Every structure is written in structure tokens, then in C-alpha cells.
Amino acid sequence: MHRIAVLALEGVPPFELGMPSRVFGNARDDAGGPLYEVTVCTADGLPVASDAGFTIGVSAGPEALAAADTVIVPPTHAMDDLAHGAPLSPALTAALAAIRPGTRLVSICTGSYVLAAAGLLDGRPATTHWRHAPEFQRAFPRVRLDEEVLFVDDGDVLTSAGVAAGIDLCLHLVRQDHGTAVANRAARLCVVPPWRDGGQAQYIDRPVPEPTVATTTATRAWALGRLAEPVTLAELAAHARMSLRTFTRRFRDEVGMTPGQWLTAQRLDIARQLLESSDLPVDLVAHRSGFGSANSLRQHMRSALGISPIAYRRTFPPHAPAPAAALPA
């Protein structure tokens, strides 16, 4: 059983605090058994005030952090003090020091301030909520901040942007640990999209299109039914009845990535599902997912996931329970 400790700090938003329990709690094996044990704790075992006007009591203290395989730090309003150079509290410093080497560290939204203040993000790529990015960069110049992505996976340290991006990151971890089928089932139970790539852009100051303005929604649905076929940008724009320039701009505004990036992401998702759920040869998986050849699929999987189709299938063999280990490098 993979043990997850969620660290509640002063001023924590209840929604973000509860997200890991909901997502990982819905991750089940084929027999319906739980794959994670989630414990909410504080640095000293005492209750903390939420930002919603009520106090949160917990049943665990720093011992949960010391025993965890993954530690998740949700947002905290203490970020204002941390951004101005305030040190972590002695209790929090001691609690973080008790975390075992090799434990996977995860932050949601401004939980990144805690990891950064502890020096755990120095020299690493990371992200946080776009609104706090300038302040974060000034406070922690050693962190390689990318303010535009939904989440950053740097192996044993992962960080996400705000709110919904935290759900994306939790589902990413389930998918990494146990495969697409388990993650998709958890997403359906949470009634959220099963997958948004971490490199997708945060939605930063983008106005919602007026109802009278044409969107790319219908064209995306049309393309999803033709992923096994070559689909060109010109065909997409023609289906949407837009010029290439207008379609590309509107697509990126609505989806947060280019049409080509989006198509590749959808095809990778299909390829992963086929590798997990069937014994089809890699050549046929490549054909059915729209990559055309095994070599093309191999290149895209190595670029996006750092793993070949054969190695991916060994990690998540068809018709067998998925292992708890992360994807091999």
C-alpha cells in the first residue's frame, strides 16, 4: 500500500486539502481494492485554521510524514510571510526534516512556497499559480520557475499550478504509478477530465469567448473520431470554417496548446490505453493511434514519457494488475 501524507498548514483551503484524498481514494485495482492510504496530518499534530472560517482537526502529526512514500503540501496563506523571507516554523522545519530520503514530494498551488523555503526546489524546475509567479521568482531566484504550465514532474519532486491543476497532478501520479485505466476510472468517479498534459498552459487572463464567436469545440470532437488518420492543420481549419491563422489562435486560446500538440497528446493517450489493454503488436498500436509507424510512436513516447512502447507495456502489462512502481527512466 502506497502511503500518502497530506500536510495541512495554517490557512489551508479545504478544497485543495481534500483533493488528494478524493483522487487517490478513488484509485482502485481491478478487484476494487484501494491502492493508496491517504493520511491528513499537521506538523505538530494540532488543529489548524482553514481559510474558510473553520478549524481542521487531524488524527496524525509529523510521524505520518516520516512514514510516507509521497508527501503532498497543499496551499497555505503563510506564503506571504515566506515570500518576504520569514523562516519556516521550528515545528514545520523539524517535520520536513523527518521525511525519509527518496520520498516523493508534491506541492499544489502555493504549497510550492513551503518546498522552496525549505530549499527543496533549488536548481529544479517548478511551477506555482500564475498570479503569484513574479513574487515567487523574486523570493526564490534559485528555482527554475515555469509559470505557464499546469504542473512540473521533476522525478521525485512535483509541483502544480492552482486548484484544478492539482487534480491534474494527482491523476498524473496515479497514471504514472498504476496506468491509464486506473487513472481514468478515478477521474470518472471524480467527474473530472481524465487527462490534461502538464505542459498545457495555465489559463492566464484569457477572456471567455462571446457566445456569438465561433469556437473549435466541434472541430476537436470531429478530430477525435479521426485520430487514426492523418489530420492536417488545413483540414482542421476548413472544418471550423476559419482561416489557418484564426483557427490556430483561437485553438490555443481555448485549449492552451497548438493543434499539433493537442493531436499528439490525444494519440499518445490512445496508444497508452492500447498498450495497457491489448496484446496488439506495437506496429498496429502505432497505426490505430495515428502515429503511422512504430518508430514514430517510439519517438513520441520517449519525448513525452521518457519510455519506449515495449518498456511501457512491461510496466503495465495487459490484463494484469499494474505495479506500484513509477515508470522507469
# chains A, B, ... in the order shown; residues from 1 in each chain; ligands from 1

$ residues_around --residues "Leu115 in chain A" --least-positions-apart "6" --cutoff "12 Å" --atoms "only C-alpha atoms" --output "JSON, numbers by chain"
{"A": [7, 71, 72, 73, 74, 75, 76, 79, 82, 87, 88, 92, 93, 96, 97, 105, 106, 107, 108, 109, 121, 122, 124, 126, 127, 128, 136, 140, 143, 157, 158, 159]}

$ write_last_selection --atoms "N, CA and C atoms" --output "compact mmCIF listing (two decimals), in the first residue's frame"
# COMPACT_ATOMS: atom_id res chain seq x y z
N LEU A 7 -0.07 17.35 4.09
CA LEU A 7 0.31 18.24 5.18
C LEU A 7 -0.59 19.47 5.21
N VAL A 71 4.63 12.78 -0.01
CA VAL A 71 4.16 13.87 0.85
C VAL A 71 3.61 14.97 -0.06
N ILE A 72 2.38 15.39 0.22
CA ILE A 72 1.73 16.43 -0.57
C ILE A 72 1.52 17.66 0.31
N VAL A 73 1.93 18.83 -0.22
CA VAL A 73 1.77 20.09 0.51
C VAL A 73 0.76 20.96 -0.25
N PRO A 74 -0.48 21.07 0.25
CA PRO A 74 -1.47 21.95 -0.38
C PRO A 74 -1.12 23.42 -0.12
N PRO A 75 -1.91 24.35 -0.66
CA PRO A 75 -1.61 25.77 -0.49
C PRO A 75 -1.66 26.21 0.98
N THR A 76 -1.01 27.32 1.25
CA THR A 76 -1.03 27.93 2.58
C THR A 76 -0.97 29.44 2.44
N MET A 79 2.29 31.84 2.71
CA MET A 79 3.17 32.19 1.58
C MET A 79 3.57 33.65 1.63
N LEU A 82 6.51 33.84 3.87
CA LEU A 82 7.64 33.15 3.27
C LEU A 82 8.24 33.95 2.11
N PRO A 87 11.28 32.67 8.08
CA PRO A 87 11.69 31.26 8.11
C PRO A 87 10.48 30.35 8.37
N LEU A 88 10.64 29.09 8.01
CA LEU A 88 9.63 28.11 8.38
C LEU A 88 9.61 27.96 9.90
N LEU A 92 7.50 22.98 11.69
CA LEU A 92 7.45 22.58 10.29
C LEU A 92 8.83 22.17 9.80
N THR A 93 9.86 22.90 10.22
CA THR A 93 11.23 22.55 9.84
C THR A 93 11.58 21.14 10.31
N LEU A 96 9.58 18.48 8.26
CA LEU A 96 10.12 18.26 6.93
C LEU A 96 11.45 17.50 6.99
N ALA A 97 12.22 17.75 8.04
CA ALA A 97 13.50 17.06 8.19
C ALA A 97 13.30 15.57 8.46
N LEU A 105 7.94 14.18 -3.24
CA LEU A 105 7.42 15.43 -2.70
C LEU A 105 6.55 16.12 -3.75
N VAL A 106 5.38 16.59 -3.33
CA VAL A 106 4.42 17.19 -4.24
C VAL A 106 3.87 18.46 -3.60
N SER A 107 3.76 19.53 -4.39
CA SER A 107 3.07 20.73 -3.90
C SER A 107 1.92 21.06 -4.83
N ILE A 108 0.87 21.61 -4.25
CA ILE A 108 -0.28 22.09 -5.01
C ILE A 108 -0.36 23.60 -4.84
N CYS A 109 -0.39 24.32 -5.94
CA CYS A 109 -0.52 25.78 -5.93
C CYS A 109 0.60 26.40 -5.08
N LEU A 121 13.52 23.05 -3.69
CA LEU A 121 13.34 23.33 -5.12
C LEU A 121 14.55 24.02 -5.75
N ASP A 122 15.59 24.24 -4.98
CA ASP A 122 16.77 24.93 -5.52
C ASP A 122 17.33 24.18 -6.72
N ARG A 124 15.87 23.33 -9.36
CA ARG A 124 14.90 22.44 -10.01
C ARG A 124 13.85 23.24 -10.79
N ALA A 126 10.05 24.10 -11.57
CA ALA A 126 8.85 24.05 -10.73
C ALA A 126 7.83 25.05 -11.26
N THR A 127 6.62 24.95 -10.74
CA THR A 127 5.59 25.93 -11.10
C THR A 127 4.78 26.26 -9.87
N THR A 128 3.94 27.28 -9.99
CA THR A 128 3.00 27.69 -8.95
C THR A 128 1.87 28.43 -9.65
N PHE A 136 6.98 34.90 -6.39
CA PHE A 136 7.71 33.66 -6.11
C PHE A 136 9.12 33.73 -6.69
N PHE A 140 12.48 33.41 -4.51
CA PHE A 140 13.25 32.17 -4.64
C PHE A 140 13.93 32.11 -6.01
N VAL A 143 15.07 28.81 -7.95
CA VAL A 143 14.11 27.87 -8.53
C VAL A 143 13.91 28.21 -10.00
N VAL A 157 10.27 15.20 -7.22
CA VAL A 157 9.66 16.45 -6.77
C VAL A 157 8.73 16.96 -7.87
N LEU A 158 7.46 17.15 -7.52
CA LEU A 158 6.46 17.59 -8.50
C LEU A 158 5.70 18.78 -7.94
N THR A 159 5.41 19.76 -8.79
CA THR A 159 4.70 20.96 -8.37
C THR A 159 3.58 21.26 -9.36

$ residues_around --residues "Glu63 in chain A" --least-positions-apart "6" --cutoff "10 Å" --atoms "only C-alpha atoms" --output "list of chain:residue names"
A:Ala5, A:Cys41, A:Thr42, A:Ala43, A:Asp44, A:Gly45, A:Ala95, A:Ala98, A:Ile99

$ select_by_dssp --residues "range 114-308 of chain A" --states "strand (DSSP E or B)" --output "ChimeraX atom specification"
/A:125-126,144-145,149,151-153,157-160,201

$ write_last_selection --atoms "N, CA and C atoms" --output "compact mmCIF listing (two decimals), in the first residue's frame"
# COMPACT_ATOMS: atom_id res chain seq x y z
N PRO A 125 13.28 22.62 -11.83
CA PRO A 125 12.13 23.25 -12.48
C PRO A 125 10.90 23.08 -11.59
N ALA A 126 10.05 24.10 -11.57
CA ALA A 126 8.85 24.05 -10.73
C ALA A 126 7.83 25.05 -11.26
N ARG A 144 13.91 27.22 -10.86
CA ARG A 144 13.69 27.42 -12.30
C ARG A 144 12.19 27.40 -12.56
N LEU A 145 11.55 28.55 -12.33
CA LEU A 145 10.09 28.63 -12.36
C LEU A 145 9.57 28.68 -13.79
N VAL A 149 2.83 26.48 -17.14
CA VAL A 149 2.38 25.09 -17.27
C VAL A 149 1.46 24.70 -16.12
N PHE A 151 1.54 21.66 -14.48
CA PHE A 151 2.35 21.03 -13.45
C PHE A 151 3.70 20.66 -14.02
N VAL A 152 4.66 20.45 -13.13
CA VAL A 152 6.02 20.06 -13.50
C VAL A 152 6.36 18.77 -12.76
N ASP A 153 6.78 17.77 -13.52
CA ASP A 153 7.22 16.49 -12.95
C ASP A 153 8.73 16.44 -13.08
N VAL A 157 10.27 15.20 -7.22
CA VAL A 157 9.66 16.45 -6.77
C VAL A 157 8.73 16.96 -7.87
N LEU A 158 7.46 17.15 -7.52
CA LEU A 158 6.46 17.59 -8.50
C LEU A 158 5.70 18.78 -7.94
N THR A 159 5.41 19.76 -8.79
CA THR A 159 4.70 20.96 -8.37
C THR A 159 3.58 21.26 -9.36
N SER A 160 2.50 21.85 -8.86
CA SER A 160 1.38 22.17 -9.75
C SER A 160 0.98 23.62 -9.61
N ALA A 201 -0.80 24.99 -21.09
CA ALA A 201 -0.68 26.30 -20.48
C ALA A 201 -1.74 26.53 -19.41

$ closest_residue --among "A:Arg131, A:Val163, A:Val174, A:Phe291" --to "Pro34 in chain A" --atoms "only C-alpha atoms"
A:Val174

$ residues_around --residues "Gly85 in chain A" --least-positions-apart "4" --cutoff "9 Å" --atoms "only C-alpha atoms" --output "list of chain:residue names"
A:Asp81, A:Ala117, A:Ala139

$ select_by_dssp --residues "range 135-173 of chain A" --states "helix (DSSP H, G or I)" --output "compact mmCIF listing (two decimals) with N, CA and C atoms, in the first residue's frame"
# COMPACT_ATOMS: atom_id res chain seq x y z
N GLU A 135 6.15 37.25 -7.68
CA GLU A 135 6.56 37.28 -6.28
C GLU A 135 7.41 36.07 -5.93
N PHE A 136 6.98 34.90 -6.39
CA PHE A 136 7.71 33.66 -6.11
C PHE A 136 9.12 33.73 -6.69
N GLN A 137 9.25 34.23 -7.91
CA GLN A 137 10.55 34.29 -8.56
C GLN A 137 11.49 35.24 -7.84
N ARG A 138 10.94 36.35 -7.35
CA ARG A 138 11.78 37.29 -6.59
C ARG A 138 12.24 36.67 -5.28
N ALA A 139 11.35 35.94 -4.63
CA ALA A 139 11.68 35.37 -3.32
C ALA A 139 12.62 34.17 -3.42
N ALA A 164 -7.52 23.34 -9.99
CA ALA A 164 -7.76 22.20 -10.88
C ALA A 164 -6.46 21.56 -11.34
N ALA A 165 -5.39 22.34 -11.45
CA ALA A 165 -4.11 21.76 -11.85
C ALA A 165 -3.61 20.77 -10.80
N GLY A 166 -4.02 20.96 -9.54
CA GLY A 166 -3.67 19.99 -8.50
C GLY A 166 -4.34 18.66 -8.74
N ILE A 167 -5.59 18.69 -9.25
CA ILE A 167 -6.27 17.45 -9.61
C ILE A 167 -5.54 16.78 -10.76
N ASP A 168 -5.14 17.58 -11.76
CA ASP A 168 -4.39 17.03 -12.89
C ASP A 168 -3.12 16.33 -12.41
N LEU A 169 -2.42 16.95 -11.46
CA LEU A 169 -1.17 16.36 -10.98
C LEU A 169 -1.44 15.07 -10.20
N CYS A 170 -2.48 15.06 -9.38
CA CYS A 170 -2.81 13.82 -8.65
C CYS A 170 -3.14 12.69 -9.62
N LEU A 171 -3.93 12.99 -10.66
CA LEU A 171 -4.25 11.96 -11.65
C LEU A 171 -3.00 11.53 -12.42
N HIS A 172 -2.10 12.46 -12.66
CA HIS A 172 -0.83 12.13 -13.32
C HIS A 172 -0.05 11.12 -12.49
N LEU A 173 -0.04 11.31 -11.17
CA LEU A 173 0.68 10.39 -10.30
C LEU A 173 0.03 9.01 -10.30
